[in-house]
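Q: Here you go, this is my_file10.tsv (TSV, C-alpha atoms).
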```
chain	number	residue	atom	x	y	z
A	1	THR	CA	107.94	144.32	113.75
A	2	ASP	CA	108.66	140.62	114.06
A	3	ASP	CA	109.84	138.14	111.41
A	4	THR	CA	106.27	137.11	110.54
A	5	THR	CA	105.32	140.59	109.29
A	6	PRO	CA	105.00	140.51	105.48
A	7	VAL	CA	106.89	143.04	103.41
A	8	VAL	CA	104.48	145.64	102.09
A	9	GLN	CA	104.73	145.97	98.34
A	10	ASP	CA	103.40	148.87	96.30
A	11	GLU	CA	101.69	147.01	93.44
A	12	GLN	CA	98.54	147.40	91.46
A	13	LEU	CA	95.85	144.77	91.14
A	14	THR	CA	96.08	142.59	88.06
A	15	THR	CA	92.41	143.36	87.39
A	16	ASN	CA	91.00	146.75	86.40
A	17	GLY	CA	91.73	149.34	89.09
A	18	THR	CA	94.15	150.04	91.89
A	19	LEU	CA	94.31	149.05	95.52
A	20	LEU	CA	92.44	151.17	98.04
A	21	ARG	CA	95.09	152.58	100.38
A	22	LYS	CA	93.21	154.85	102.76
A	23	THR	CA	89.70	155.74	103.88
A	24	ILE	CA	88.66	158.92	105.65
A	25	ALA	CA	85.29	158.96	107.42
A	26	THR	CA	83.77	162.06	108.96
A	27	SER	CA	80.89	162.33	111.38
A	28	GLY	CA	80.38	165.90	112.50
A	29	SER	CA	83.80	167.08	113.64
A	30	ASP	CA	85.07	163.52	114.23
A	31	VAL	CA	87.48	162.31	111.53
A	32	THR	CA	88.66	158.69	111.34
A	33	THR	CA	91.44	157.64	108.99
A	34	THR	CA	92.09	154.01	108.08
A	35	GLU	CA	95.17	152.83	106.18
A	36	LEU	CA	95.09	149.56	104.24
A	37	LEU	CA	98.40	147.72	103.80
A	38	CYS	CA	98.81	145.02	101.18
A	39	ASN	CA	101.26	142.27	100.34
A	40	GLY	CA	100.94	142.12	96.57
A	41	ASN	CA	97.22	142.36	95.97
A	42	LYS	CA	96.23	140.81	99.32
A	43	LEU	CA	95.15	142.93	102.24
A	44	TRP	CA	97.22	142.00	105.28
A	45	LYS	CA	96.85	144.85	107.77
A	46	VAL	CA	94.41	147.68	108.45
A	47	LEU	CA	95.55	150.53	110.71
A	48	GLY	CA	93.04	152.86	112.37
A	49	SER	CA	93.89	156.41	113.37
A	50	ASN	CA	92.76	155.51	116.90
A	51	GLY	CA	95.61	153.00	117.24
A	52	SER	CA	93.52	149.90	116.56
A	53	TYR	CA	94.58	147.48	113.85
A	54	SER	CA	93.63	144.20	112.21
A	55	ILE	CA	95.87	141.53	110.70
A	56	TYR	CA	94.40	139.20	108.05
A	57	GLU	CA	95.09	135.53	107.39
A	58	TYR	CA	94.36	133.68	104.15
A	59	THR	CA	93.64	130.20	102.92
A	60	GLY	CA	94.57	130.37	99.24
A	61	ASP	CA	93.05	133.59	97.95
A	62	PHE	CA	90.36	133.83	100.65
A	63	ILE	CA	90.55	135.84	103.86
A	64	THR	CA	89.66	133.31	106.55
A	65	LYS	CA	90.62	135.12	109.74
A	66	ALA	CA	91.15	138.64	111.06
A	67	ASN	CA	92.85	139.31	114.38
A	68	ASN	CA	91.72	142.66	115.81
A	69	TYR	CA	93.86	144.62	118.25
A	70	ASN	CA	93.28	147.60	120.54
A	71	ASN	CA	96.21	149.00	122.51
A	72	ASN	CA	98.32	146.12	121.12
A	73	GLU	CA	96.07	143.54	122.83
A	74	LEU	CA	93.97	141.02	120.92
A	75	SER	CA	90.41	142.30	121.33
A	76	GLY	CA	88.65	139.93	118.96
A	77	VAL	CA	88.86	137.48	116.11
A	78	VAL	CA	86.72	137.32	112.98
A	79	PHE	CA	86.34	134.07	111.02
A	80	TYR	CA	85.15	133.98	107.38
A	81	TYR	CA	83.52	130.92	105.79
A	82	TYR	CA	82.89	130.31	102.07
A	83	ASN	CA	80.86	127.86	99.97
A	84	SER	CA	82.28	125.74	97.13
A	85	ASN	CA	81.60	128.62	94.67
A	86	GLY	CA	83.84	130.93	96.72
A	87	ASP	CA	80.90	132.98	98.02
A	88	LEU	CA	81.11	134.29	101.58
A	89	VAL	CA	78.35	132.47	103.49
A	90	GLN	CA	79.17	133.32	107.10
A	91	ARG	CA	81.22	135.72	109.19
A	92	LYS	CA	81.65	135.07	112.89
A	93	SER	CA	83.12	137.73	115.22
A	94	VAL	CA	84.32	136.74	118.67
A	95	ASN	CA	84.80	139.59	121.15
A	96	ASN	CA	87.60	138.61	123.55
A	97	ILE	CA	86.67	141.32	126.04
A	98	ASP	CA	83.11	140.27	126.90
A	99	ASN	CA	83.06	136.82	125.20
A	100	THR	CA	80.12	137.73	122.97
A	101	VAL	CA	79.80	136.36	119.46
A	102	TYR	CA	78.20	137.99	116.42
A	103	ARG	CA	77.33	135.68	113.51
A	104	CYS	CA	76.32	137.01	110.12
A	105	ASP	CA	74.81	134.62	107.55
A	106	PHE	CA	74.77	135.47	103.82
A	107	ASN	CA	72.20	133.78	101.57
A	108	TYR	CA	72.47	134.19	97.79
A	109	ASN	CA	68.99	134.48	96.27
A	110	VAL	CA	67.94	133.42	92.75
A	111	ASP	CA	67.07	137.06	91.93
A	112	GLY	CA	70.74	138.05	92.39
A	113	THR	CA	70.26	139.69	95.79
A	114	VAL	CA	71.96	138.65	99.01
A	115	SER	CA	69.98	138.29	102.24
A	116	VAL	CA	71.99	139.12	105.36
A	117	LEU	CA	70.93	137.99	108.82
A	118	GLY	CA	72.99	138.87	111.90
A	119	TYR	CA	72.71	137.23	115.31
A	120	THR	CA	74.32	137.81	118.69
A	121	GLY	CA	74.95	135.33	121.47
A	122	ASP	CA	77.72	133.43	123.19
A	123	ALA	CA	80.27	130.87	122.03
A	124	THR	CA	77.64	128.10	122.06
A	125	SER	CA	74.79	129.73	120.16
A	126	GLN	CA	73.85	132.97	118.48
A	127	ASN	CA	70.04	133.23	118.32
A	128	ASN	CA	69.25	136.90	118.95
A	129	LEU	CA	68.43	138.43	115.52
A	130	VAL	CA	69.86	141.96	115.35
A	131	VAL	CA	70.35	142.50	111.59
A	132	ASP	CA	67.95	141.72	108.73
A	133	ARG	CA	68.75	143.22	105.36
A	134	LYS	CA	68.86	142.57	101.65
A	135	VAL	CA	71.72	143.68	99.39
A	136	PHE	CA	70.96	144.47	95.73
A	137	LEU	CA	73.89	144.21	93.32
A	138	PHE	CA	74.66	145.65	89.91
A	139	PRO	CA	75.61	143.02	87.26
A	140	ASN	CA	79.33	143.78	87.91
A	141	GLY	CA	78.92	142.88	91.61
A	142	ASP	CA	78.98	146.42	93.03
A	143	VAL	CA	76.35	147.23	95.64
A	144	GLU	CA	73.38	149.10	94.17
A	145	LYS	CA	71.31	149.44	97.35
A	146	ILE	CA	70.72	147.89	100.74
A	147	GLU	CA	67.34	147.50	102.37
A	148	ALA	CA	67.48	147.23	106.17
A	149	TYR	CA	64.38	145.76	107.80
A	150	LEU	CA	63.77	147.17	111.29
A	151	THR	CA	61.06	147.37	113.90
A	152	ILE	CA	60.71	150.79	115.51
A	153	ASN	CA	58.11	151.14	118.27
A	154	THR	CA	56.53	147.85	117.10
A	155	VAL	CA	56.16	149.23	113.54
A	156	PRO	CA	58.00	147.46	110.70
A	157	VAL	CA	60.25	149.93	108.85
A	158	THR	CA	62.42	149.54	105.75
A	159	ARG	CA	65.42	151.83	105.43
A	160	THR	CA	66.98	152.01	101.98
A	161	TYR	CA	70.60	152.98	101.33
A	162	THR	CA	71.43	153.69	97.67
A	163	TYR	CA	74.99	153.71	96.29
A	164	THR	CA	76.34	155.62	93.31
A	165	TYR	CA	79.76	155.39	91.73
A	166	ASP	CA	81.91	157.49	89.46
A	167	ASN	CA	84.86	156.57	87.25
A	168	SER	CA	87.42	158.47	89.28
A	169	ASN	CA	90.42	157.11	91.18
A	170	TYR	CA	91.68	159.21	94.05
A	171	ALA	CA	95.10	159.23	95.74
```
Please express what this file holds, its structure, as structure tokens.
A:
Amino acid sequence: TDDTTPVVQDEQLTTNGTLLRKTIATSGSDVTTTELLCNGNKLWKVLGSNGSYSIYEYTGDFITKANNYNNNELSGVVFYYYNSNGDLVQRKSVNNIDNTVYRCDFNYNVDGTVSVLGYTGDATSQNNLVVDRKVFLFPNGDVEKIEAYLTINTVPVTRTYTYTYDNSNYA
């Protein structure tokens, strides 16, 4: 590692709970492991079992940039933008390999839901709508469900994903 690599500390969050350290996702026989490395209570690096990784940059307490690497080469950059309340209002992903851009806009509705619209395009404009969904939140901010609005064979379809939680912490 170089001199700019933060020292990883093994600390707990100052809020209720502990830091997530690893995720394991399975799809059929395919297993993907992701390790999350923190400096204090700030995420700074995510390592994928496939050798990919991301390094995060902050402005104050907000993640504002993620540099994504494959085979130790910068494959893309993600920028995060917030409003004056600290709410994420836009995420813009730039793919360095094919120069495409994906922009995701987050709109906070008066009913407590968040509308999410995702567009693809180039560096100049992103106008091709590819994601339209609404996120429903519990009062504590956890995701309750997501409704994805799709068109399949010219027929409008709503797919609903419901989330449940337990009180367990796993190592």
Q: Output, as JSON, the centre and edge lengths in Å (one decimal) of the axis-aligned box that contains all listed atoms of range 49-64 of chain A with 3 Å of margin on each side.
A:
```
{"center_x": 92.8, "center_y": 143.3, "center_z": 107.6, "size_x": 12.2, "size_y": 32.2, "size_z": 25.3}
```
Q: I'd like the neighbourhood of range 107-112 of chain A as number ranges by chain, where a residue qualifies if any of its atoms comes within 12 Å (using only C-alpha atoms), though same-chain residues fewer than 3 positions away should be ignored.
A: A: 82-83, 85-91, 104, 115-118, 132-144
Q: What does the distance from CA of Ile63 in chain A to CA of Leu47 in chain A come to in Å, to one decimal?
A: 17.0 Å
Q: So which residues touch Asn70 in chain A within 8 Å, counting all atoms listed in the file, skipping near sequence neighbours fewer than 2 positions away, as a list in words?
A: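 Listed by chain and then number, they are Gly51, Ser52, Tyr53, Asn68, Asn72, Glu73, Leu74 and Ser75 of chain A.
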Q: Near range 21-32 of chain A, counting only C-alpha atoms, which residues have an atom at most 8 Å away, once you skip same-chain residues fewer than 3 positions from it, shown as a PyMOL selection string?
A: chain A and resi 35-37+48-50
Q: As number ranges by chain, please: the residues near Asn128 in chain A (cut-off 12 Å, all atoms listed in the file, same-chain neighbours under 2 positions excluded).
A: A: 100-104, 117-122, 125-126, 130-132
